[in-house]
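*Asks:* This is upload15.pdb, which holds PDB, C-alpha atoms:
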ATOM      1  CA  MET A 735       8.683 -19.405 -18.069
ATOM      2  CA  LYS A 736       7.505 -17.103 -20.866
ATOM      3  CA  LYS A 737       4.734 -19.551 -21.775
ATOM      4  CA  SER A 738       3.450 -19.737 -18.193
ATOM      5  CA  VAL A 739       3.426 -15.943 -17.926
ATOM      6  CA  PHE A 740       1.508 -15.731 -21.222
ATOM      7  CA  PHE A 741      -1.172 -18.185 -20.162
ATOM      8  CA  GLY A 742      -1.330 -16.594 -16.723
ATOM      9  CA  SER A 743      -2.052 -13.270 -18.403
ATOM     10  CA  LEU A 744      -4.804 -14.868 -20.488
ATOM     11  CA  VAL A 745      -6.404 -16.323 -17.381
ATOM     12  CA  MET A 746      -6.238 -12.959 -15.646
ATOM     13  CA  ALA A 747      -7.751 -11.241 -18.669
ATOM     14  CA  GLY A 748     -10.576 -13.757 -18.684
ATOM     15  CA  LEU A 749     -11.297 -13.143 -15.022
ATOM     16  CA  VAL A 750     -11.410  -9.412 -15.607
ATOM     17  CA  ALA A 751     -13.740  -9.780 -18.589
ATOM     18  CA  GLY A 752     -16.195 -11.614 -16.366
ATOM     19  CA  VAL A 753     -16.453  -8.847 -13.759
ATOM     20  CA  ALA A 754     -15.750  -5.636 -15.659
ATOM     21  CA  GLY A 755     -19.250  -5.330 -17.083
ATOM     22  CA  ALA A 756     -20.759  -4.110 -13.833
ATOM     23  CA  SER A 757     -19.942  -0.858 -12.069
ATOM     24  CA  THR A 758     -18.041  -1.532  -8.865
ATOM     25  CA  LEU A 759     -19.335   1.708  -7.399
ATOM     26  CA  ASP A 760     -22.927   0.581  -7.976
ATOM     27  CA  ASP A 761     -22.133  -2.829  -6.508
ATOM     28  CA  VAL A 762     -20.609  -1.331  -3.359
ATOM     29  CA  LYS A 763     -23.538   1.042  -2.880
ATOM     30  CA  ALA A 764     -26.089  -1.748  -3.385
ATOM     31  CA  ARG A 765     -24.208  -4.106  -1.046
ATOM     32  CA  GLY A 766     -23.711  -1.429   1.580
ATOM     33  CA  GLU A 767     -20.211  -2.712   2.183
ATOM     34  CA  LEU A 768     -16.762  -2.296   0.666
ATOM     35  CA  ILE A 769     -14.724  -5.491   0.233
ATOM     36  CA  CYS A 770     -11.043  -4.649   0.575
ATOM     37  CA  GLY A 771      -8.104  -7.000  -0.029
ATOM     38  CA  VAL A 772      -5.364  -6.552   2.584
ATOM     39  CA  ASN A 773      -2.217  -8.175   3.938
ATOM     40  CA  PRO A 774      -2.950 -11.190   6.180
ATOM     41  CA  GLY A 775      -0.862  -9.600   8.906
ATOM     42  CA  LEU A 776       1.781  -6.882   8.618
ATOM     43  CA  THR A 777       1.969  -4.794  11.783
ATOM     44  CA  GLY A 778       1.357  -1.120  11.145
ATOM     45  CA  PHE A 779       0.066  -1.676   7.622
ATOM     46  CA  ALA A 780      -2.726  -4.242   7.942
ATOM     47  CA  ALA A 781      -3.242  -6.639  10.824
ATOM     48  CA  PRO A 782      -6.133  -7.661  13.089
ATOM     49  CA  ASP A 783      -6.018  -6.270  16.616
ATOM     50  CA  ALA A 784      -6.850  -8.204  19.803
ATOM     51  CA  ASN A 785     -10.552  -7.999  18.919
ATOM     52  CA  GLY A 786     -10.011  -9.194  15.352
ATOM     53  CA  ASN A 787     -10.531  -5.742  13.835
ATOM     54  CA  TYR A 788      -8.118  -4.806  11.059
ATOM     55  CA  GLN A 789      -5.967  -1.734  11.684
ATOM     56  CA  GLY A 790      -3.096  -0.068   9.861
ATOM     57  CA  PHE A 791      -1.785   2.323   7.239
ATOM     58  CA  ASP A 792      -3.249   0.391   4.283
ATOM     59  CA  VAL A 793      -6.449  -0.320   6.188
ATOM     60  CA  ALA A 794      -6.960   3.451   6.545
ATOM     61  CA  VAL A 795      -7.226   3.716   2.754
ATOM     62  CA  CYS A 796     -10.047   1.155   2.796
ATOM     63  CA  LYS A 797     -11.782   3.086   5.566
ATOM     64  CA  ALA A 798     -11.418   6.383   3.704
ATOM     65  CA  VAL A 799     -13.027   4.903   0.583
ATOM     66  CA  ALA A 800     -15.868   3.375   2.611
ATOM     67  CA  ALA A 801     -16.502   6.723   4.304
ATOM     68  CA  ALA A 802     -16.471   8.537   0.964
ATOM     69  CA  VAL A 803     -18.848   6.079  -0.723
ATOM     70  CA  LEU A 804     -21.027   4.747   2.095
ATOM     71  CA  GLY A 805     -20.698   7.414   4.765
ATOM     72  CA  ASP A 806     -19.273   4.961   7.284
ATOM     73  CA  PRO A 807     -15.605   3.851   7.588
ATOM     74  CA  MET A 808     -16.706   0.712   9.428
ATOM     75  CA  LYS A 809     -18.630  -0.677   6.471
ATOM     76  CA  VAL A 810     -15.640  -2.657   5.209
ATOM     77  CA  LYS A 811     -15.103  -6.395   4.903
ATOM     78  CA  TYR A 812     -11.389  -7.179   4.970
ATOM     79  CA  VAL A 813     -10.177 -10.140   2.940
ATOM     80  CA  PRO A 814      -6.617 -11.281   3.753
ATOM     81  CA  LEU A 815      -4.700 -12.100   0.567
ATOM     82  CA  THR A 816      -1.180 -13.511   0.218
ATOM     83  CA  GLY A 817       1.433 -12.326  -2.257
ATOM     84  CA  GLU A 818       0.340 -15.095  -4.608
ATOM     85  CA  THR A 819      -3.444 -14.656  -4.324
ATOM     86  CA  ARG A 820      -3.841 -10.870  -4.139
ATOM     87  CA  PHE A 821      -4.039 -10.112  -7.861
ATOM     88  CA  THR A 822      -6.306 -13.009  -8.802
ATOM     89  CA  GLY A 823      -8.507 -12.059  -5.854
ATOM     90  CA  LEU A 824      -8.898  -8.575  -7.309
ATOM     91  CA  ALA A 825      -9.275  -9.686 -10.921
ATOM     92  CA  SER A 826     -11.925 -12.302 -10.104
ATOM     93  CA  GLY A 827     -14.098  -9.838  -8.200
ATOM     94  CA  GLU A 828     -13.479 -11.402  -4.796
ATOM     95  CA  VAL A 829     -12.545  -7.902  -3.596
ATOM     96  CA  ASP A 830     -13.515  -4.446  -4.805
ATOM     97  CA  MET A 831     -10.054  -2.993  -4.305
ATOM     98  CA  LEU A 832      -6.610  -3.988  -3.131
ATOM     99  CA  SER A 833      -4.831  -2.022  -0.411
ATOM    100  CA  ARG A 834      -2.025  -4.419   0.346
ATOM    101  CA  ASN A 835       1.533  -3.006   0.127
ATOM    102  CA  SER A 836       1.721  -3.946  -3.568
ATOM    103  CA  THR A 837       4.339  -2.545  -5.936
ATOM    104  CA  TRP A 838       3.288  -0.719  -9.094
ATOM    105  CA  THR A 839       5.306  -2.233 -11.949
ATOM    106  CA  PHE A 840       5.148  -2.202 -15.747
ATOM    107  CA  SER A 841       4.246  -5.873 -16.053
ATOM    108  CA  ARG A 842       1.532  -5.748 -13.399
ATOM    109  CA  ASP A 843       0.065  -2.647 -14.977
ATOM    110  CA  THR A 844       0.023  -4.123 -18.486
ATOM    111  CA  GLU A 845      -0.295  -7.906 -18.099
ATOM    112  CA  LEU A 846      -2.496  -8.361 -15.032
ATOM    113  CA  ALA A 847      -5.207  -5.889 -16.037
ATOM    114  CA  LEU A 848      -4.721  -3.902 -12.845
ATOM    115  CA  GLU A 849      -4.941  -0.166 -12.387
ATOM    116  CA  PHE A 850      -2.767   1.287  -9.660
ATOM    117  CA  VAL A 851      -4.592   4.456  -8.719
ATOM    118  CA  ALA A 852      -1.896   6.155  -6.614
ATOM    119  CA  VAL A 853       1.265   5.601  -4.579
ATOM    120  CA  ASN A 854       0.556   5.715  -0.864
ATOM    121  CA  TYR A 855       4.065   4.665   0.225
ATOM    122  CA  TYR A 856       7.394   5.076  -1.599
ATOM    123  CA  ASP A 857       9.550   2.151  -0.531
ATOM    124  CA  GLY A 858      12.546   0.042  -1.506
ATOM    125  CA  GLN A 859      13.743  -3.505  -0.859
ATOM    126  CA  GLY A 860      16.192  -4.185   1.937
ATOM    127  CA  PHE A 861      17.683  -6.983   4.060
ATOM    128  CA  MET A 862      17.414  -7.935   7.716
ATOM    129  CA  VAL A 863      19.904 -10.121   9.605
ATOM    130  CA  ASN A 864      20.811 -11.129  13.137
ATOM    131  CA  LYS A 865      23.711  -9.193  14.658
ATOM    132  CA  ASN A 866      25.504 -12.477  15.346
ATOM    133  CA  LEU A 867      25.792 -13.101  11.610
ATOM    134  CA  GLY A 868      28.529 -10.474  11.714
ATOM    135  CA  VAL A 869      27.687  -8.584   8.528
ATOM    136  CA  SER A 870      27.063  -4.873   8.101
ATOM    137  CA  SER A 871      26.343  -4.771   4.361
ATOM    138  CA  ALA A 872      24.217  -6.743   1.909
ATOM    139  CA  LYS A 873      27.374  -7.168  -0.167
ATOM    140  CA  GLU A 874      28.678  -9.490   2.559
ATOM    141  CA  LEU A 875      25.828 -11.986   2.032
ATOM    142  CA  ASP A 876      27.585 -14.154  -0.546
ATOM    143  CA  GLY A 877      26.507 -17.764   0.039
ATOM    144  CA  ALA A 878      23.670 -16.803   2.406
ATOM    145  CA  THR A 879      20.259 -18.400   2.671
ATOM    146  CA  VAL A 880      17.582 -15.756   2.172
ATOM    147  CA  CYS A 881      13.905 -15.941   3.153
ATOM    148  CA  ILE A 882      11.765 -14.424   0.413
ATOM    149  CA  GLN A 883       8.045 -14.220  -0.325
ATOM    150  CA  THR A 884       6.871 -15.937  -3.487
ATOM    151  CA  GLY A 885       4.768 -14.005  -5.980
ATOM    152  CA  THR A 886       6.461 -10.692  -5.206
ATOM    153  CA  THR A 887       8.775  -8.256  -6.961
ATOM    154  CA  THR A 888      11.411  -9.084  -4.351
ATOM    155  CA  GLU A 889      12.204 -12.416  -6.019
ATOM    156  CA  LEU A 890      13.485 -10.848  -9.233
ATOM    157  CA  ASN A 891      15.133  -7.955  -7.391
ATOM    158  CA  LEU A 892      17.027 -10.416  -5.202
ATOM    159  CA  ALA A 893      18.226 -12.440  -8.179
ATOM    160  CA  ASP A 894      19.301  -9.291 -10.028
ATOM    161  CA  TYR A 895      21.172  -7.879  -7.026
ATOM    162  CA  PHE A 896      23.148 -11.025  -6.310
ATOM    163  CA  LYS A 897      23.944 -11.532  -9.992
ATOM    164  CA  ALA A 898      25.090  -7.921 -10.395
ATOM    165  CA  ASN A 899      27.396  -8.311  -7.399
ATOM    166  CA  ASN A 900      28.694 -11.739  -8.474
ATOM    167  CA  MET A 901      27.310 -13.435  -5.364
ATOM    168  CA  GLU A 902      25.440 -16.693  -4.711
ATOM    169  CA  TYR A 903      22.471 -17.310  -2.425
ATOM    170  CA  THR A 904      19.942 -20.001  -1.578
ATOM    171  CA  PRO A 905      16.300 -18.863  -1.502
ATOM    172  CA  VAL A 906      13.970 -20.040   1.256
ATOM    173  CA  ASN A 907      10.472 -19.444  -0.100
ATOM    174  CA  VAL A 908       7.715 -18.213   2.229
ATOM    175  CA  ALA A 909       4.067 -17.430   1.544
ATOM    176  CA  ASP A 910       3.705 -14.248   3.585
ATOM    177  CA  ASP A 911       5.298 -11.963   6.179
ATOM    178  CA  SER A 912       4.214 -14.135   9.077
ATOM    179  CA  GLU A 913       5.913 -17.245   7.692
ATOM    180  CA  GLY A 914       8.958 -15.178   6.738
ATOM    181  CA  GLN A 915       9.315 -13.904  10.300
ATOM    182  CA  GLN A 916       8.863 -17.383  11.761
ATOM    183  CA  LYS A 917      11.500 -18.959   9.543
ATOM    184  CA  PHE A 918      13.926 -16.091  10.076
ATOM    185  CA  LEU A 919      13.536 -16.296  13.852
ATOM    186  CA  ALA A 920      13.914 -20.084  13.716
ATOM    187  CA  GLY A 921      17.229 -19.719  11.891
ATOM    188  CA  ALA A 922      15.987 -21.254   8.658
ATOM    189  CA  CYS A 923      17.603 -18.394   6.735
ATOM    190  CA  ASP A 924      20.506 -16.012   7.305
ATOM    191  CA  ALA A 925      18.617 -13.006   5.982
ATOM    192  CA  TYR A 926      15.065 -11.927   5.312
ATOM    193  CA  THR A 927      14.367  -9.606   2.383
ATOM    194  CA  THR A 928      11.276  -7.568   1.613
ATOM    195  CA  ASP A 929      10.322  -3.894   1.410
ATOM    196  CA  ALA A 930      12.202  -1.851   4.002
ATOM    197  CA  SER A 931       8.913  -0.785   5.586
ATOM    198  CA  GLY A 932       7.956  -4.443   5.931
ATOM    199  CA  LEU A 933      11.279  -5.217   7.578
ATOM    200  CA  ALA A 934      10.713  -2.454  10.122
ATOM    201  CA  ALA A 935       7.188  -3.723  10.757
ATOM    202  CA  SER A 936       8.426  -7.292  11.206
ATOM    203  CA  ARG A 937      11.279  -6.327  13.508
ATOM    204  CA  ALA A 938       8.914  -4.359  15.739
ATOM    205  CA  THR A 939       7.049  -7.564  16.625
ATOM    206  CA  MET A 940      10.099  -9.749  17.258
ATOM    207  CA  PRO A 941      11.043 -10.658  20.832
ATOM    208  CA  ASN A 942      14.735 -10.071  20.095
ATOM    209  CA  ALA A 943      14.297  -6.848  18.098
ATOM    210  CA  ASP A 944      17.474  -5.352  19.592
ATOM    211  CA  GLU A 945      19.457  -8.196  18.043
ATOM    212  CA  ILE A 946      18.085  -7.621  14.541
ATOM    213  CA  VAL A 947      19.840  -5.339  12.050
ATOM    214  CA  ILE A 948      18.333  -3.849   8.896
ATOM    215  CA  LEU A 949      21.230  -3.485   6.484
ATOM    216  CA  PRO A 950      21.771  -0.075   4.837
ATOM    217  CA  GLU A 951      21.381  -1.100   1.202
ATOM    218  CA  ILE A 952      18.115  -0.347  -0.616
ATOM    219  CA  ILE A 953      18.250  -2.359  -3.828
ATOM    220  CA  SER A 954      15.076  -1.339  -5.660
ATOM    221  CA  LYS A 955      12.282   1.165  -6.094
ATOM    222  CA  GLU A 956       8.996  -0.092  -4.636
ATOM    223  CA  PRO A 957       6.122   2.367  -5.175
ATOM    224  CA  LEU A 958       3.313   0.803  -3.148
ATOM    225  CA  GLY A 959      -0.311   1.660  -3.644
ATOM    226  CA  PRO A 960      -3.960   0.662  -3.893
ATOM    227  CA  ALA A 961      -5.198  -1.028  -7.053
ATOM    228  CA  VAL A 962      -8.503  -1.693  -8.798
ATOM    229  CA  ARG A 963      -9.479  -3.646 -11.887
ATOM    230  CA  GLN A 964      -8.929  -2.147 -15.301
ATOM    231  CA  GLY A 965     -12.090  -1.396 -17.241
ATOM    232  CA  ASP A 966     -13.947   0.393 -14.458
ATOM    233  CA  ASP A 967     -12.482   3.876 -14.679
ATOM    234  CA  ASN A 968     -15.099   5.520 -12.509
ATOM    235  CA  TRP A 969     -14.334   3.210  -9.572
ATOM    236  CA  GLY A 970     -10.647   3.921 -10.066
ATOM    237  CA  ASP A 971     -11.423   7.633  -9.789
ATOM    238  CA  VAL A 972     -13.383   7.077  -6.579
ATOM    239  CA  VAL A 973     -10.509   5.226  -4.892
ATOM    240  CA  ARG A 974      -7.877   7.595  -6.294
ATOM    241  CA  TRP A 975      -9.518  10.820  -5.163
ATOM    242  CA  SER A 976     -10.582   9.423  -1.794
ATOM    243  CA  PHE A 977      -6.898   8.775  -1.129
ATOM    244  CA  TYR A 978      -5.684  12.067  -2.574
ATOM    245  CA  ALA A 979      -8.171  13.893  -0.355
ATOM    246  CA  LEU A 980      -6.031  12.763   2.595
ATOM    247  CA  VAL A 981      -2.831  13.972   0.925
ATOM    248  CA  ALA A 982      -4.311  17.339  -0.038
ATOM    249  CA  ALA A 983      -5.723  17.794   3.456
ATOM    250  CA  GLU A 984      -2.267  17.485   4.978
ATOM    251  CA  GLU A 985      -0.809  19.985   2.526
ATOM    252  CA  TYR A 986      -3.478  22.550   3.387
ATOM    253  CA  GLY A 987      -3.339  21.959   7.139
ATOM    254  CA  VAL A 988      -6.753  20.314   7.359
ATOM    255  CA  THR A 989      -6.890  17.728  10.148
ATOM    256  CA  LYS A 990      -9.535  15.459  11.578
ATOM    257  CA  ALA A 991      -9.814  17.803  14.542
ATOM    258  CA  ASN A 992      -9.930  21.184  12.797
ATOM    259  CA  LEU A 993     -11.845  20.292   9.629
ATOM    260  CA  GLU A 994     -15.164  21.803  10.683
ATOM    261  CA  GLU A 995     -13.489  25.023  11.810
ATOM    262  CA  VAL A 996     -11.560  25.279   8.541
ATOM    263  CA  ALA A 997     -14.729  24.603   6.549
ATOM    264  CA  ALA A 998     -16.503  27.455   8.350
ATOM    265  CA  THR A 999     -13.752  30.028   7.842
ATOM    266  CA  THR A1000     -11.584  29.237   4.817
ATOM    267  CA  LYS A1001     -11.546  31.443   1.748
ATOM    268  CA  ASN A1002      -9.063  29.202  -0.099
ATOM    269  CA  PRO A1003     -10.836  27.972  -3.269
ATOM    270  CA  GLU A1004      -8.853  24.703  -3.354
ATOM    271  CA  ILE A1005      -9.782  23.849   0.243
ATOM    272  CA  ARG A1006     -13.387  24.815  -0.406
ATOM    273  CA  ARG A1007     -13.533  22.455  -3.394
ATOM    274  CA  LEU A1008     -11.819  19.715  -1.365
ATOM    275  CA  LEU A1009     -14.398  20.002   1.418
ATOM    276  CA  GLY A1010     -17.371  20.231  -0.940
ATOM    277  CA  LEU A1011     -18.153  23.859  -0.194
ATOM    278  CA  GLU A1012     -18.091  24.880  -3.839
ATOM    279  CA  GLY A1013     -17.810  23.212  -7.200
ATOM    280  CA  ASP A1014     -19.257  19.812  -8.032
ATOM    281  CA  MET A1015     -16.319  17.464  -7.430
ATOM    282  CA  GLY A1016     -18.426  14.600  -6.110
ATOM    283  CA  ALA A1017     -20.910  14.647  -8.965
ATOM    284  CA  LYS A1018     -18.071  14.045 -11.416
ATOM    285  CA  ILE A1019     -17.403  10.599  -9.890
ATOM    286  CA  GLY A1020     -20.895   9.549  -8.841
ATOM    287  CA  LEU A1021     -20.721  10.733  -5.228
ATOM    288  CA  ASP A1022     -21.989  13.756  -3.332
ATOM    289  CA  ASP A1023     -19.761  16.778  -2.844
ATOM    290  CA  GLU A1024     -18.767  15.916   0.744
ATOM    291  CA  PHE A1025     -17.098  12.597  -0.114
ATOM    292  CA  ALA A1026     -13.599  13.948   0.570
ATOM    293  CA  LYS A1027     -14.702  15.603   3.802
ATOM    294  CA  ARG A1028     -16.021  12.247   5.051
ATOM    295  CA  ALA A1029     -12.791  10.474   4.108
ATOM    296  CA  ILE A1030     -10.702  12.986   6.092
ATOM    297  CA  LEU A1031     -13.022  12.879   9.110
ATOM    298  CA  ALA A1032     -12.868   9.087   9.097
ATOM    299  CA  VAL A1033      -9.083   8.615   9.278
ATOM    300  CA  GLY A1034      -7.403  12.038   9.388
ATOM    301  CA  ASN A1035      -5.106  13.503   6.768
ATOM    302  CA  TYR A1036      -2.221  11.559   5.221
ATOM    303  CA  GLY A1037       0.271  12.726   7.841
ATOM    304  CA  GLU A1038      -2.063  11.731  10.657
ATOM    305  CA  VAL A1039      -2.539   8.274   9.134
ATOM    306  CA  PHE A1040       1.225   7.865   8.710
ATOM    307  CA  GLU A1041       2.142   8.932  12.236
ATOM    308  CA  ALA A1042      -0.624   6.950  13.924
ATOM    309  CA  ASN A1043       0.267   3.665  12.258
ATOM    310  CA  ILE A1044       3.923   3.569  11.205
ATOM    311  CA  GLY A1045       5.542   6.868  12.216
ATOM    312  CA  THR A1046       8.423   7.631  14.535
ATOM    313  CA  SER A1047       6.246   7.527  17.649
ATOM    314  CA  THR A1048       5.142   3.942  16.924
ATOM    315  CA  SER A1049       7.058   0.706  17.460
ATOM    316  CA  ILE A1050       7.764   0.599  13.727
ATOM    317  CA  GLY A1051       9.448   3.988  13.820
ATOM    318  CA  LEU A1052       9.471   4.974  10.167
ATOM    319  CA  ALA A1053      10.550   8.507   9.264
ATOM    320  CA  ARG A1054       8.599  10.256   6.519
ATOM    321  CA  GLY A1055      11.558  10.355   4.100
ATOM    322  CA  LEU A1056      10.302  10.173   0.516
ATOM    323  CA  ASN A1057       6.770  10.060   1.893
ATOM    324  CA  ALA A1058       6.942  13.599   3.222
ATOM    325  CA  GLN A1059       4.908  16.250   1.471
ATOM    326  CA  TRP A1060       6.494  17.759  -1.632
ATOM    327  CA  THR A1061       6.723  21.029   0.285
ATOM    328  CA  GLN A1062       8.919  19.241   2.843
ATOM    329  CA  GLY A1063      11.320  17.601   0.385
ATOM    330  CA  GLY A1064       9.335  14.412  -0.169
ATOM    331  CA  LEU A1065       7.386  12.950  -3.086
ATOM    332  CA  MET A1066       3.870  12.952  -1.628
ATOM    333  CA  TYR A1067       1.753  15.241  -3.724
ATOM    334  CA  ALA A1068      -1.957  15.438  -4.605
ATOM    335  CA  PRO A1069      -3.112  16.567  -8.040
ATOM    336  CA  PRO A1070      -5.251  19.709  -7.838
ATOM    337  CA  PHE A1071      -8.894  19.482  -6.790
ATOM    338  CA  ARG A1072     -10.224  21.580  -9.626
TER     339      ARG A1072
END
Kindly present the structure from the file in structure tokens form.
*Replies:*
Amino acid sequence: MKKSVFFGSLVMAGLVAGVAGASTLDDVKARGELICGVNPGLTGFAAPDANGNYQGFDVAVCKAVAAAVLGDPMKVKYVPLTGETRFTGLASGEVDMLSRNSTWTFSRDTELALEFVAVNYYDGQGFMVNKNLGVSSAKELDGATVCIQTGTTTELNLADYFKANNMEYTPVNVADDSEGQQKFLAGACDAYTTDASGLAASRATMPNADEIVILPEIISKEPLGPAVRQGDDNWGDVVRWSFYALVAAEEYGVTKANLEEVAATTKNPEIRRLLGLEGDMGAKIGLDDEFAKRAILAVGNYGEVFEANIGTSTSIGLARGLNAQWTQGGLMYAPPFR
């Protein structure tokens, strides 16, 4: 196991070395299109609609970056990547960035030559079961079969949780959320485990959603966020600050609808820098000073993105929780635009 991880890291490092010489920002500008790695299909986060157009919470990050860099949120090519192919897809240069409900961990940060630029959703791993299984706690799953995606942090978390609680389980490996849902619905496993947000997204699409229970236990910390390749710090800054523009906008009450009015009247220096009215924020990362303004106009502020795609008014029904603004008791917080 250690040997395979070592050689896997060497392969990843080699892939990165082959693509890190060029500036991703220059490549995206020259191409006129952002290539964004996303989930193949997770409702609310990233999934094609009836017309084949990708929509969702993670997709909005791609659109915000495209608007900031290219002036058009539609200039994005979405590449669906599984849990097993997402990091090699990024490292090899197949995509410019990854916005695919991926957990920021020590090993991924240090061994896979990735740079997680921010956390756009604070999550944790949970379990989903049918009501007829008759359990109300994950600690009652001793001997269960559990559907689990390969190539994810959930595999180790699952093993650790069952070991710590002196329980046994049989894993049923699946490649992605779609296969996990299918096998769970077909009765191939007693429980399905993934990030709690993913469970809510999956349940929302199931025909028997009323018969599905998400158990109360959260067994891990899963800070999810967009990632870029290491070695291209400027591109990391572009993605990072395009996202944080959305977070800062919510904090300061700037919305997609009122942005122009705020820009015309505000005296707040932080808002003025955010909207490119003073300072030279854009020049510091190779963009013009209205990059953040374009990102906000494209998708709305962070709260608008959350509520439109996964919030309590949607079929997924997620409360803000840890993802509320820091001023509202959550963890969501933009570094200062100064």
*Asks:* Which residues, named as in the file, does the PyMOL selection byres ((chain A and resi 896) around 12) pick out? Answer as a ChimeraX atom specification.
*Replies:* /A:872-880,889-895,897-905,953
*Asks:* Decode the PyMOL selection byres ((chain A and resi 887) around 9) for the given file into explicit residues and return them as a list in words.
*Replies:* Ser836, Thr837, Thr839, Gln883, Thr884, Gly885, Thr886, Thr888, Glu889, Leu890, Asn891, Leu892, Thr928 and Glu956 of chain A
*Asks:* Can you spit out the residues from that selection as a tab-separated table (two decimals), in the frame of the given file, using C-alpha atoms?
*Replies:*
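Final output, saved to selection.tsv:
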chain	number	residue	atom	x	y	z
A	836	SER	CA	1.72	-3.95	-3.57
A	837	THR	CA	4.34	-2.54	-5.94
A	839	THR	CA	5.31	-2.23	-11.95
A	883	GLN	CA	8.04	-14.22	-0.32
A	884	THR	CA	6.87	-15.94	-3.49
A	885	GLY	CA	4.77	-14.00	-5.98
A	886	THR	CA	6.46	-10.69	-5.21
A	888	THR	CA	11.41	-9.08	-4.35
A	889	GLU	CA	12.20	-12.42	-6.02
A	890	LEU	CA	13.48	-10.85	-9.23
A	891	ASN	CA	15.13	-7.96	-7.39
A	892	LEU	CA	17.03	-10.42	-5.20
A	928	THR	CA	11.28	-7.57	1.61
A	956	GLU	CA	9.00	-0.09	-4.64
*Asks:* Given the file shown, enumerate the residues that the PyMOL selection byres ((chain A and resi 1061-1067) around 10) captures and present them as a count of residues only.
*Replies:* 20
*Asks:* Just give me the gap between atom CA of Phe977 of chain A and atom CA of Arg963 of chain A in Å, one decimal is fine.
*Replies:*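 For atom CA of Phe977 of chain A relative to atom CA of Arg963 of chain A, the distance reads 16.6 Å.
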*Asks:* For segment 820-829 of chain A, work out the shell of residues within 6 Å, counting only C-alpha atoms and skipping chain neighbours fewer than 2 positions away, then give it as a ChimeraX atom specification.
*Replies:* /A:749-750,769-771,815-818,831
*Asks:* Box along x, y and z, 6 Å on every side, all listed atoms of segment 924-931 of chain A inside: centre and edge lengths in Å to one decimal, as JSON.
*Replies:*
{"center_x": 14.7, "center_y": -8.4, "center_z": 4.4, "size_x": 23.6, "size_y": 27.2, "size_z": 17.9}
*Asks:* So the first atom is atom CA of Leu759 of chain A and the second is atom CA of Ala979 of chain A; what is the distance between them in Å, to one decimal place?
*Replies:*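 For atom CA of Leu759 of chain A relative to atom CA of Ala979 of chain A, the distance reads 18.0 Å.
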*Asks:* Considering only C-alpha atoms, can you say which of A:Ala935, A:Leu980, A:Val869, A:Ala991 comes closest to Ala780 of chain A?
*Replies:*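 For Ala780 of chain A, the nearest of the given residues is A:Ala935.
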*Asks:* Between A:Val996, A:Ala925, A:Ala794, A:Val972, single out the one closest to Leu949 of chain A, counting only C-alpha atoms.
*Replies:*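 Distance minimum relative to Leu949 of chain A lands on A:Ala925.
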*Asks:* With distances taken over all atoms listed in the file, which of A:Ile882, A:Ala1029, A:Ile948, A:Leu933 is nearest to Met808 of chain A?
*Replies:* A:Ala1029
*Asks:* Applying 10 Å and all atoms listed in the file, which residues near Pro1003 of chain A remain after dropping the ones on its own chain fewer than 5 positions away? List them as a PyMOL selection string.
*Replies:* chain A and resi 1008-1009+1011-1013+1071-1072
*Asks:* List as a list of chain:residue names the protein and nucleic acid residues near Gly1010 of chain A, meaning an atom at most 9 Å away when all atoms listed in the file are counted, but skip any in the same chain fewer than 5 places from it.
*Replies:* A:Ile1005, A:Met1015, A:Gly1016, A:Asp1022, A:Asp1023, A:Glu1024, A:Phe1025, A:Ala1026, A:Lys1027
*Asks:* Now that the selection is made, can you save its residues with C-alpha atoms as an mmCIF file, keeping the file's coordinate frame?
*Replies:*
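Output file out_20.cif follows:
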data_model
loop_
_atom_site.group_PDB
_atom_site.id
_atom_site.type_symbol
_atom_site.label_atom_id
_atom_site.label_comp_id
_atom_site.auth_asym_id
_atom_site.auth_seq_id
_atom_site.Cartn_x
_atom_site.Cartn_y
_atom_site.Cartn_z
ATOM 1 C CA ILE A 1005 -9.782 23.849 0.243
ATOM 2 C CA MET A 1015 -16.319 17.464 -7.430
ATOM 3 C CA GLY A 1016 -18.426 14.600 -6.110
ATOM 4 C CA ASP A 1022 -21.989 13.756 -3.332
ATOM 5 C CA ASP A 1023 -19.761 16.778 -2.844
ATOM 6 C CA GLU A 1024 -18.767 15.916 0.744
ATOM 7 C CA PHE A 1025 -17.098 12.597 -0.114
ATOM 8 C CA ALA A 1026 -13.599 13.948 0.570
ATOM 9 C CA LYS A 1027 -14.702 15.603 3.802
#
*Asks:* Compare A:Asp971, A:Ser954, A:Asn773, A:Asn1035 by their minimum atom-to-atom distance to Tyr986 of chain A, counting all atoms listed in the file, and give me the closest one.
*Replies:* A:Asn1035
